[in-house]
Each structure stands twice: as C-alpha cells, then as structure tokens.
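First the structure, in the form of structure tokens, and then the observations on it.
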Amino acid sequence: MATKAEKTRERILAVTQALVLEKGFSGTSLDDVLRETELTKGAFFHHFKSKAELAREMVERYWENDCQLFLGFAKRAEELADDPLQETLIFLKLFEEFVRCVTHPMPGCVFASYTYESQQFDPSIHEFIQEGFDKRGAMYAEKFEAVLNRYKPAIDVTAHELAEMIMSVIEGGFILARSYRDPEFIARQSKQFRQYLQLLFSAGAQN
C-alpha cells in the first residue's frame, strides 16, 4: 500500500498536471498548486526541492502513465485479432473509445505543453520528451511494418511515414480539441485515419 507521503506526492503531481494542461507551465504558480492541494510551502518542499524538479517528475509520470495506457490498448488488440491490419484498426478503435469517455477536463498532452515552453526548462527535459515521442513512433511503426509485410498499399508509403501521420493526428487533435472545446475532435480524427488505413490496404493481402 502507498504511504501517506507517496499519496501526497502523487496528489501534487496529478493536480499540477491538470493545472499545466489548463494554464501552461509558466501560467501555473506554486500558489496555484498549494491552493488546489491545500498544502503549505513547507509541505510542498518536503516532497519537491523546486518547481523544476516537479516539472521533471511530472513529465516522467505522464510518460509512464501514457505508455501503460497505449500498451494496454496494444495487448487488447493482439488478443482480439491475429491479422496485423485488423489488430491495428482495433488498437485505434480502443483509443477512440477511451478519448470519447474523457470529456472533463478537456484532453491534453503534457509533452505538447512543455514543448511550447521548452525555453523554460533544462535541455534534458526536452531530450526526454523527444525520446518519448521516438518510442511512441517506434511502437506505431512496428505495427505498420507488420501490416505492410502482409498487405500491399494502394500508394507507396512507409511504416515510419504512417507512424508520423498518426502521431500528428493525435497531437494536433489535442490542440484543436482544446481550441474548439470539442472533446469528440480527437476521436473523429483518429476515426478518419483508421478509415484511411482501410482504404489504403483495401486491395487485400499480398501474394
């Protein structure tokens, strides 16, 4: 079981993440965090030496949670299909169902928030974020490579290009969903990409 200190630390990270997604890192003050967590400055600094340390740990926490979420989608898709194309389509469908359920607060991406304000952080945080995107892209590329090994696409395309495309759809979707205050936006765009894949590989399996 988590200790009281661990629960408090987790609460600080969760509250700060919500504030950053709403207001940005520079717009989130220590006073905001203290007010939402109902902690004193002394209690806060018992857990984090500085706002910079909090930033680093929040990014790492976000990546770990995000990674586990997508690995869960991948495992479920593998259980439901043997065909690589169907597995990828199910994976995307599971993601769409998830984001449709997250209507409040409006979905957002901590990686994107930090990238916009990268000048405020140690270069190591930007490197960590880039590595995170690289790992995510590699996961997608592996799935698309399996599809390309069995199916001939209607137009020339690489697994890396498809991975870049779905990442652009999702990350761009977070921005536009917040701009339009439309939580369905991300799911709709993911669905469009899923339908694009169906058209791209509609000719069937390669001989």
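Going through the structure tokens in order, the chains are called A, B, and so on, while each chain numbers its residues from 1 and the ligands are numbered from 1 in the order shown.
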
Using only C-alpha atoms, what table do you get, as a Markdown table, when you list each residue of range 24-105 of chain A with an atom no more than 8 Å from range 113-126 of chain A, its nearest pair of atoms, and their distance in Å rounded to one decimal, rows by chain then rising number?
```
| residue | atom | partner | partner_atom | distance |
| --- | --- | --- | --- | --- |
| A:Gly24 | CA | A:Ser113 | CA | 6.2 |
| A:Phe25 | CA | A:Tyr114 | CA | 7.2 |
| A:Ser26 | CA | A:Glu117 | CA | 7.7 |
| A:Ala52 | CA | A:Phe121 | CA | 7.3 |
| A:Arg56 | CA | A:Ile125 | CA | 6.5 |
| A:Val59 | CA | A:Ile125 | CA | 7.8 |
```

Pick out the residues sitting within 10 Å of range 138-148 of chain A, and hand them over as a count of residues only; count only C-alpha atoms, and ignore anything fewer than 3 positions along from it in its own chain.
32

If you count only C-alpha atoms, which residues fall within 12 Å of Ile186 in chain A, apart from same-chain ones fewer than 6 positions away, as an mmCIF file with N, CA and C atoms, in the first residue's frame?
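The file below, out.cif, is the result:
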```cif
data_model
loop_
_atom_site.group_PDB
_atom_site.id
_atom_site.type_symbol
_atom_site.label_atom_id
_atom_site.label_comp_id
_atom_site.auth_asym_id
_atom_site.auth_seq_id
_atom_site.Cartn_x
_atom_site.Cartn_y
_atom_site.Cartn_z
ATOM 1 N N LEU A 92 -6.664 1.364 -32.745
ATOM 2 C CA LEU A 92 -7.141 2.733 -32.940
ATOM 3 C C LEU A 92 -8.556 2.908 -32.402
ATOM 4 N N LYS A 93 -9.398 1.897 -32.602
ATOM 5 C CA LYS A 93 -10.768 1.963 -32.107
ATOM 6 C C LYS A 93 -10.786 2.042 -30.584
ATOM 7 N N PHE A 95 -8.479 3.321 -28.697
ATOM 8 C CA PHE A 95 -8.048 4.681 -28.353
ATOM 9 C C PHE A 95 -9.217 5.656 -28.500
ATOM 10 N N GLU A 96 -9.978 5.531 -29.586
ATOM 11 C CA GLU A 96 -11.119 6.418 -29.823
ATOM 12 C C GLU A 96 -12.163 6.279 -28.717
ATOM 13 N N GLU A 97 -12.432 5.057 -28.305
ATOM 14 C CA GLU A 97 -13.410 4.832 -27.241
ATOM 15 C C GLU A 97 -12.938 5.455 -25.934
ATOM 16 N N PHE A 98 -11.632 5.391 -25.697
ATOM 17 C CA PHE A 98 -11.078 5.966 -24.473
ATOM 18 C C PHE A 98 -11.232 7.487 -24.463
ATOM 19 N N VAL A 99 -10.808 8.151 -25.540
ATOM 20 C CA VAL A 99 -10.858 9.614 -25.528
ATOM 21 C C VAL A 99 -12.288 10.135 -25.549
ATOM 22 N N ARG A 100 -13.223 9.352 -26.068
ATOM 23 C CA ARG A 100 -14.625 9.782 -26.029
ATOM 24 C C ARG A 100 -15.160 9.821 -24.597
ATOM 25 N N CYS A 101 -14.561 9.026 -23.724
ATOM 26 C CA CYS A 101 -15.010 8.987 -22.322
ATOM 27 C C CYS A 101 -14.370 10.084 -21.489
ATOM 28 N N VAL A 102 -13.270 10.670 -21.994
ATOM 29 C CA VAL A 102 -12.560 11.703 -21.232
ATOM 30 C C VAL A 102 -13.035 13.059 -21.715
ATOM 31 N N THR A 103 -14.132 13.520 -21.152
ATOM 32 C CA THR A 103 -14.712 14.799 -21.595
ATOM 33 C C THR A 103 -14.372 15.955 -20.671
ATOM 34 N N MET A 106 -10.803 18.797 -20.456
ATOM 35 C CA MET A 106 -10.544 18.609 -21.876
ATOM 36 C C MET A 106 -9.212 17.889 -22.064
ATOM 37 N N PRO A 107 -9.161 16.841 -22.902
ATOM 38 C CA PRO A 107 -7.915 16.117 -23.099
ATOM 39 C C PRO A 107 -6.770 17.047 -23.501
ATOM 40 N N GLY A 108 -5.591 16.699 -23.076
ATOM 41 C CA GLY A 108 -4.412 17.493 -23.410
ATOM 42 C C GLY A 108 -3.179 16.633 -23.362
ATOM 43 N N CYS A 109 -2.063 17.179 -23.770
ATOM 44 C CA CYS A 109 -0.804 16.446 -23.805
ATOM 45 C C CYS A 109 0.263 17.241 -23.060
ATOM 46 N N ILE A 166 -0.053 9.298 -37.773
ATOM 47 C CA ILE A 166 -0.979 9.094 -36.656
ATOM 48 C C ILE A 166 -0.552 9.921 -35.448
ATOM 49 N N MET A 167 0.743 10.102 -35.234
ATOM 50 C CA MET A 167 1.190 10.958 -34.137
ATOM 51 C C MET A 167 0.771 12.405 -34.377
ATOM 52 N N SER A 168 0.859 12.855 -35.622
ATOM 53 C CA SER A 168 0.430 14.225 -35.956
ATOM 54 C C SER A 168 -1.067 14.386 -35.764
ATOM 55 N N VAL A 169 -1.831 13.365 -36.133
ATOM 56 C CA VAL A 169 -3.283 13.402 -35.967
ATOM 57 C C VAL A 169 -3.646 13.523 -34.489
ATOM 58 N N ILE A 170 -3.000 12.713 -33.646
ATOM 59 C CA ILE A 170 -3.333 12.702 -32.219
ATOM 60 C C ILE A 170 -2.878 13.980 -31.531
ATOM 61 N N GLU A 171 -1.602 14.364 -31.731
ATOM 62 C CA GLU A 171 -1.087 15.555 -31.052
ATOM 63 C C GLU A 171 -1.790 16.818 -31.553
ATOM 64 N N GLY A 172 -2.004 16.903 -32.871
ATOM 65 C CA GLY A 172 -2.739 18.036 -33.406
ATOM 66 C C GLY A 172 -4.178 18.041 -32.934
ATOM 67 N N GLY A 173 -4.737 16.836 -32.770
ATOM 68 C CA GLY A 173 -6.108 16.718 -32.293
ATOM 69 C C GLY A 173 -6.277 17.272 -30.891
ATOM 70 N N PHE A 174 -5.274 17.057 -30.026
ATOM 71 C CA PHE A 174 -5.345 17.595 -28.671
ATOM 72 C C PHE A 174 -5.439 19.122 -28.702
ATOM 73 N N ILE A 175 -4.629 19.732 -29.562
ATOM 74 C CA ILE A 175 -4.611 21.196 -29.646
ATOM 75 C C ILE A 175 -5.960 21.729 -30.141
ATOM 76 N N LEU A 176 -6.465 21.155 -31.217
ATOM 77 C CA LEU A 176 -7.707 21.643 -31.798
ATOM 78 C C LEU A 176 -8.920 21.321 -30.922
ATOM 79 N N ALA A 177 -8.873 20.180 -30.227
ATOM 80 C CA ALA A 177 -9.971 19.842 -29.321
ATOM 81 C C ALA A 177 -10.095 20.892 -28.231
ATOM 82 N N ARG A 178 -8.960 21.355 -27.727
ATOM 83 C CA ARG A 178 -8.992 22.385 -26.690
ATOM 84 C C ARG A 178 -9.409 23.725 -27.283
ATOM 85 N N SER A 179 -8.941 24.029 -28.490
ATOM 86 C CA SER A 179 -9.281 25.297 -29.126
ATOM 87 C C SER A 179 -10.785 25.403 -29.382
ATOM 88 N N TYR A 180 -11.367 24.301 -29.875
ATOM 89 C CA TYR A 180 -12.798 24.293 -30.180
ATOM 90 C C TYR A 180 -13.661 23.864 -28.996
ATOM 91 N N GLN A 192 -10.940 9.018 -38.839
ATOM 92 C CA GLN A 192 -10.593 9.323 -40.223
ATOM 93 C C GLN A 192 -9.298 8.614 -40.626
ATOM 94 N N PHE A 193 -8.320 8.606 -39.720
ATOM 95 C CA PHE A 193 -7.060 7.911 -40.016
ATOM 96 C C PHE A 193 -7.308 6.404 -40.136
#
```

Spatial neighbours of Lys41 in chain A, max dist 9 Å, only C-alpha atoms, sep filter under 3 positions, as a list in words
Leu30, Asp31, Leu34, Phe44, Phe45 and His46 of chain A

In terms of the shortest atom-to-atom distance over only C-alpha atoms, which of A:Asp82, A:Asp156, A:Asp182, A:Glu64 is closest to Val110 in chain A?
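Ranking A:Asp82, A:Asp156, A:Asp182, A:Glu64 by distance to Val110 in chain A, first place goes to A:Glu64.
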
Have a look at A:Leu21, A:Leu200, A:Ile129, A:Ala43 and name the one nearest to Glu60 in chain A; count only C-alpha atoms.
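Closest to Glu60 in chain A, using only C-alpha atoms: A:Ile129.
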